[in-house]
Amino acid sequence: AWVELPGVRAALFLERAAEAQRAGDIATALLALGTAYELDPGNYAAGLTLARLYEGGQPALSNQTYARLLAEHPARREETAQAWLRALL
C-alpha cells in the first residue's frame, strides 16, 4: 500500500493542476504540476505540460524540464524535441 502512495499523491496534484488551469491560476497550476511530476517522473504528459506552462514566464525552467524529458523518456525523444523547438521559436 505504501508503494502506491506517491502515485496517488501525484494523481491528486494533477487534478489540482487541472483545476487551477481551468480557473486561469497558472502559478498554482505550475506548483501542483511540478509536485506531481516530482512524485511520478514517469508521467510524460505531466512533464510535457509543465515544460509548456513554464514557457510563458520561466524559460530556463522550461528548458530544464524539456532536457529532463529527453533524458528520462528516450522513446519520446522526437516528440519532445519538436515541442522544445516550437517553444524556442
# chains A, B, ... in the order shown; residues from 1 in each chain; ligands from 1
$ closest_atom_pairs --of "region 49-78 of chain A" --to "region 29-45 of chain A" --cutoff "7 Å" --atoms "only C-alpha atoms" --output "tab-separated table"
residue	atom	partner	partner_atom	distance
A:Thr49	CA	A:Ala45	CA	6.1
A:Leu50	CA	A:Leu33	CA	6.2
A:Leu53	CA	A:Leu30	CA	7.0
$ write_last_selection --atoms "C-alpha atoms" --output "PDB file, in the first residue's frame"
ATOM      1  CA  THR A  49       2.548  20.109 -19.744  1.00  0.00           C
ATOM      2  CA  LEU A  50       4.864  21.509 -17.085  1.00  0.00           C
ATOM      3  CA  LEU A  53       3.475  26.127 -18.901  1.00  0.00           C
TER       4      LEU A  53
END
$ closest_residue --among "A:Leu89, A:Gly56, A:Glu72, A:Leu48" --to "Ala27 (chain A)" --atoms "only C-alpha atoms"
A:Gly56
$ closest_residue --among "A:Arg86, A:Ala46, A:Arg77, A:Ala23" --to "Ala11 (chain A)" --atoms "only C-alpha atoms"
A:Ala46
$ closest_residue --among "A:Ala51, A:Ile26, A:Val8, A:Leu85" --to "Leu69 (chain A)" --atoms "only C-alpha atoms"
A:Ala51
$ atom_distance --atom1 "CA of Asp25 (chain A)" --atom2 "CA of Glu4 (chain A)"
28.8 Å
$ residues_around --residues "Trp84 (chain A)" --least-positions-apart "4" --cutoff "8 Å" --atoms "only C-alpha atoms" --output "list in words"
Asn63, Tyr66, Thr80 and Leu88 of chain A
